2 protein chains.
Amino acid sequence: MSEVYRTRRARLRERCSSSGGAAALVSSPANVRYLAGAAPHGAVLLLGRQDDLLVCPGPSDDRPTEGRPDDSLRVHALPRAGGDPAVAAADLLTAQDGGLLAVEEHHLTVARHREIRSVAPRLRLTDLGGAVEQLRVVKDEEEISCLRIGAEITDQALGELLESILVGRTERHLALELERRLVDHGADGPAFATSVATGPNSGRRGHRPTDRRVEEGDFLSVCLGAAYRGYRCEIGRTFVIGTSPADWQIELYDLVFAAQRAGRESLVPGAACRDVDRAARQVLDSAGYAQGLPALTGHGVGLEIDEDPQLAPAAMGKLDVCVPVTVEPGVHLPARGGVRIDDTLVVRPEADGGPELLTITTKELLAL
Amino acid sequence: MSEVYRTRRARLRERCSSSGGAAALVSSPANVRYLAGAAPHGAVLLLGRQDDLLVCPGPSDDRPTEGRPDDSLRVHALPRAGGDPAVAAADLLTAQDGGLLAVEEHHLTVARHREIRSVAPRLRLTDLGGAVEQLRVVKDEEEISCLRIGAEITDQALGELLESILVGRTERHLALELERRLVDHGADGPAFATSVATGPNSGRRGHRPTDRRVEEGDFLSVCLGAAYRGYRCEIGRTFVIGTSPADWQIELYDLVFAAQRAGRESLVPGAACRDVDRAARQVLDSAGYAQGLPALTGHGVGLEIDEDPQLAPAAMGKLDVCVPVTVEPGVHLPARGGVRIDDTLVVRPEADGGPELLTITTKELLAL
């Protein structure tokens with residue numbers, strides 16, 4: 001595995017040398033984990049011109065971390081707790097050779113940035129921007145395999161819930177039970193806060209579970225995902241409670257299903273991100289739901305649950321092979337509820353059968 | 001309740017006028033909630049020279065938020081999703097009157113700060129620093145009452161767990177069960193990730209639950225807390241599994257208990273934070289455990305689980321009445337395990353009976 005991380009760091013270093021030979025200071029935890037194999041709490045990664053250094057906070061922080069730092073990295077722990085590893089890293093670098101240091105300006109606060117400048121005034125600071133995030137967009141098969149296992153775990157947890165009695169239970173309890181089942185099946189934990197929404201809450205993106213109980217006739221929408229070895233996937237489904245859905249429920253479900261299918265089917269290598277969004281969005285638009293649609297139809301997933309690319313009207317860029325994304329259109333009608341359907345898929349060449357669906361729970365409208 | 005938030009904002013405005021009459025842009029979510037009554041996802045609060053404005057992201061973000069914004073606030077939602085409310089707020093202000101704007105440099109990233117400067121070049125930006133955090137240190141009785149209810153919920157959840165069979169269950173399962181019980185008893189959710197540590201893991205601060213199962217003879221240490229109306233408390237206890245603790249377990253427990261009591265007893269109004277830390281720490285030091293002690297003995301709690309003040313060797317400042325803090329010394333022996341004992345208390349005058357203990361679960365060494 002060490003080879004993987006060394007290669008990733010070499011690619012980043014290449015980008016840095018092509019833009020003036022800066023050293024790089026990576027502080028965003030997901031980026032540190034991607035390049036180092038682990039992100040101990042508060043640690044930063046310094047890519048010097050020769051040497052790579054993982055700088056960790058004080059020695060008394062004995063919290064274990066997920067993953068293990070790549071053996072080829074030097075690890076430097078601050079002698080005393082309470083210091084800022086980013087500041088210490090800049091100090092170490094300036095002692096080495098001064099020069100140019102690229103930092104993650106979208107992650108570092110103004111206060112930390114100023115402290116780095118004051119500790120290492122000989123360094124010229126520049127912006128690393130989203131360079132590491134860009135490297136992370138296309139996944140290798142090892143990463144996709146973690147997402148696939150996470151999706152299997154997620155499907156299992158959801159499947160078990162559907163076999164149990166739901167009427168009378170609260171959104172909060174259902175969400176907690178789903179999270180317990182994720183862990184039962186081997187997840188590190190939930191990939192994000194599990195959302196369970198009933199009745200008038202159903203179909204809301206990111207709804208936080210309340211004490212509302214499931215009732216006959218409700219829509220029930222759930223959104224959950226497992227984190228597995230750090231990789232986060234997402235599934236969303238909407239069900240109807242009781243023996244027979246109302247006509248408006250069937251119509252709305254079919255509409256969102258058609259929008260979601262249109263989005264999935266447009267996931268081909270080279271497709272513009274905005275076109276995938278448009279494919280799903282125009283199905284809802286033309287049915288009169290243009291108002292109040294979510295800002296995006298989907299997004300990348302990986303070490304974070306919300307990564308590049310974004311599938312949104314103003315998104316730039318095209319989809320590459322081996323990019324995992326969600327497709328998750330939804331409609332919420334105030335006071336009535338709504339439908340969301342959400343899958344995680346990996347973009348694959350058409351010759352290989354097109355997009356690989358990771359979350360395989362049925363999308364038929366189940367009456368539970 | 002509106003009065004409370006207006007008063008808090010008036011106090012902040014007073015501080016701003018005394019330092020040059022700056023308007024203030026509050027972006028840290030806990031600070032926004034403290035001043036506005038609620039912090040919709042991504043919202044920022046602009047304290048203008050006359051008017052206060054809560055600037056929220058686009059209208060399509062229909063996620064509900066905890067709490068409700070104070071009625072006396074004007075709410076401004078961005079017309080389109082994807083914009084940065086902090087940038088929009090600066091833009092609104094500069095349209096009004098330009099001048100000086102104090103921002104939270106310890107929260108804003110370098111990239112956001114630069115975007116504000118480019119959108120509103122006529123504004124002179126200055127640093128609000130931790131002004132809101134400082135206002136938050138001393139709590140009112142309403143806030144303390146939320147912490148007290150949270151602590152009751154936490155004690156209940158822990159008490160129920162102790163009545164169940166523990167041997168053979170994994171750390172992960174016990175943690176999930178505790179979190180479910182917190183919610184059962186009315187918590188918003190856990191105040192932080194519940195820690196359950198068994199055997200060699202016991203006594204580690206912030207230990208993440210693993211698949212290790214509870215065994216006879218283990219130390220079992222747990223750390224959990226409820227969030228109630230946004231306020232977060234914390235309790236930590238260590239138990240021994242089986243009929244009779246070993247001698248080393250009794251000795252270590254008694255030692256940490258003595259340290260924790262020394263810390264609690266030094267919580268008097270006017271005490272220096274570092275002296276509280278020293279009171280607990282020197283008990284452990286003098287028993288030969290100076291190496292590997294945590295960086296701090298305790299910390300403030302409130303809308304965040306880790307607030308000012310810090311009880312640490314280099315901490316500045318003194319304790320005021322109505323400041324809630326944790327006292328949580330611990331010792332961890334590599335490969336053997338250890339003990340942590342953690343309470344949430346409120347500093348009270350000696351005339352009122354001294355520190356108010358919120359987390360009342362027994363601190364006798366229970367053999368379970």
# chains A, B, ... in the order shown; residues from 1 in each chain; ligands from 1
>>> interface_residues(of="chain A", to="chain B", cutoff="6 Å", atoms="only C-alpha atoms", output="short mmCIF file (atom, residue, chain, number, x, y, z; two decimals) with C-alpha atoms, in the first residue's frame")
data_model
loop_
_atom_site.label_atom_id
_atom_site.label_comp_id
_atom_site.auth_asym_id
_atom_site.auth_seq_id
_atom_site.Cartn_x
_atom_site.Cartn_y
_atom_site.Cartn_z
CA SER A 60 -0.04 13.18 24.92
CA ARG A 63 -6.23 8.98 20.37
CA ALA A 81 0.60 19.62 23.37
CA GLU A 105 -6.24 28.61 1.61
CA HIS A 106 -9.72 27.07 1.41
CA HIS A 107 -8.98 25.19 4.61
CA LEU A 108 -6.57 27.30 6.68
CA THR A 109 -8.17 30.06 8.71
CA VAL A 110 -6.96 33.63 8.45
CA ALA A 111 -5.60 33.37 12.00
CA GLY A 206 -30.86 16.32 4.86
CA HIS A 207 -33.94 16.25 7.10
CA GLY A 292 -37.88 24.65 -4.91
CA PRO A 294 -32.41 21.30 -4.70
CA ALA A 295 -29.35 23.20 -5.90
#
>>> select_by_dssp(residues="range 58-220 of chain A", states="alpha helix (DSSP H)", output="ChimeraX atom specification")
/A:85-96,110-119,131-137,141-162,171-184
>>> residues_around(residues="Arg136 in chain A", least_positions_apart="3", cutoff="12 Å", atoms="only C-alpha atoms", output="VMD selection string")
chain A and resid 5 8 to 9 11 to 12 30 to 35 130 to 133 139 to 140 143 to 144 231 300 to 304 307 to 309 322 to 324
>>> write_last_selection(atoms="C-alpha atoms", output="PDB file, in the first residue's frame")
ATOM      1  CA  TYR A   5       0.579   6.907  -1.177  1.00  0.00           C
ATOM      2  CA  ARG A   8      -0.085  10.174  -4.957  1.00  0.00           C
ATOM      3  CA  ARG A   9       2.445  12.428  -3.275  1.00  0.00           C
ATOM      4  CA  ARG A  11       1.770  13.472  -8.493  1.00  0.00           C
ATOM      5  CA  LEU A  12       1.134  16.381  -6.147  1.00  0.00           C
ATOM      6  CA  ALA A  30      -9.320  14.105   4.086  1.00  0.00           C
ATOM      7  CA  ASN A  31      -6.434  15.322   1.944  1.00  0.00           C
ATOM      8  CA  VAL A  32      -3.899  14.304   4.589  1.00  0.00           C
ATOM      9  CA  ARG A  33      -5.459  10.860   4.754  1.00  0.00           C
ATOM     10  CA  TYR A  34      -5.431  10.520   0.973  1.00  0.00           C
ATOM     11  CA  LEU A  35      -1.728  11.311   0.736  1.00  0.00           C
ATOM     12  CA  GLY A 130      -7.963  22.355  -4.599  1.00  0.00           C
ATOM     13  CA  ALA A 131      -4.999  20.470  -6.059  1.00  0.00           C
ATOM     14  CA  VAL A 132      -5.397  17.467  -3.771  1.00  0.00           C
ATOM     15  CA  GLU A 133      -9.190  17.465  -4.176  1.00  0.00           C
ATOM     16  CA  LYS A 139     -10.639   6.712  -7.883  1.00  0.00           C
ATOM     17  CA  ASP A 140      -8.464   3.610  -8.209  1.00  0.00           C
ATOM     18  CA  GLU A 143     -10.915   2.901  -3.474  1.00  0.00           C
ATOM     19  CA  ILE A 144     -13.925   1.776  -5.523  1.00  0.00           C
ATOM     20  CA  TYR A 231     -14.855   5.801   2.070  1.00  0.00           C
ATOM     21  CA  GLY A 300     -18.907  12.982  -5.946  1.00  0.00           C
ATOM     22  CA  VAL A 301     -18.249  10.707  -2.960  1.00  0.00           C
ATOM     23  CA  GLY A 302     -15.077   9.267  -1.507  1.00  0.00           C
ATOM     24  CA  LEU A 303     -13.154  10.125   1.656  1.00  0.00           C
ATOM     25  CA  GLU A 304     -15.766  12.840   2.132  1.00  0.00           C
ATOM     26  CA  GLU A 307     -16.722  15.900  -3.018  1.00  0.00           C
ATOM     27  CA  ASP A 308     -16.090  17.102  -6.526  1.00  0.00           C
ATOM     28  CA  PRO A 309     -17.647  16.886  -9.043  1.00  0.00           C
ATOM     29  CA  CYS A 322     -13.888   5.736 -12.317  1.00  0.00           C
ATOM     30  CA  VAL A 323     -15.572   8.776 -10.784  1.00  0.00           C
ATOM     31  CA  PRO A 324     -18.193   7.753  -8.196  1.00  0.00           C
TER      32      PRO A 324
END
>>> residues_around(residues="Arg13 in chain A", least_positions_apart="4", cutoff="10 Å", atoms="only C-alpha atoms", output="PyMOL selection string")
chain A and resi 7-9+17-19+21-24+47-50
>>> residues_around(residues="Gly67 in chain A", least_positions_apart="5", cutoff="8 Å", atoms="only C-alpha atoms", output="ChimeraX atom specification")
/A:37-39,229
>>> residues_around(residues="Val119 in chain A", least_positions_apart="5", cutoff="12 Å", atoms="only C-alpha atoms", output="ChimeraX atom specification")
/A:84,86-95,98,112-114,124
>>> residues_around(residues="Tyr289 in chain B", least_positions_apart="4", cutoff="12 Å", atoms="only C-alpha atoms", output="PyMOL selection string")
chain B and resi 252+255-256+259+280-285+293-294+329-333+338
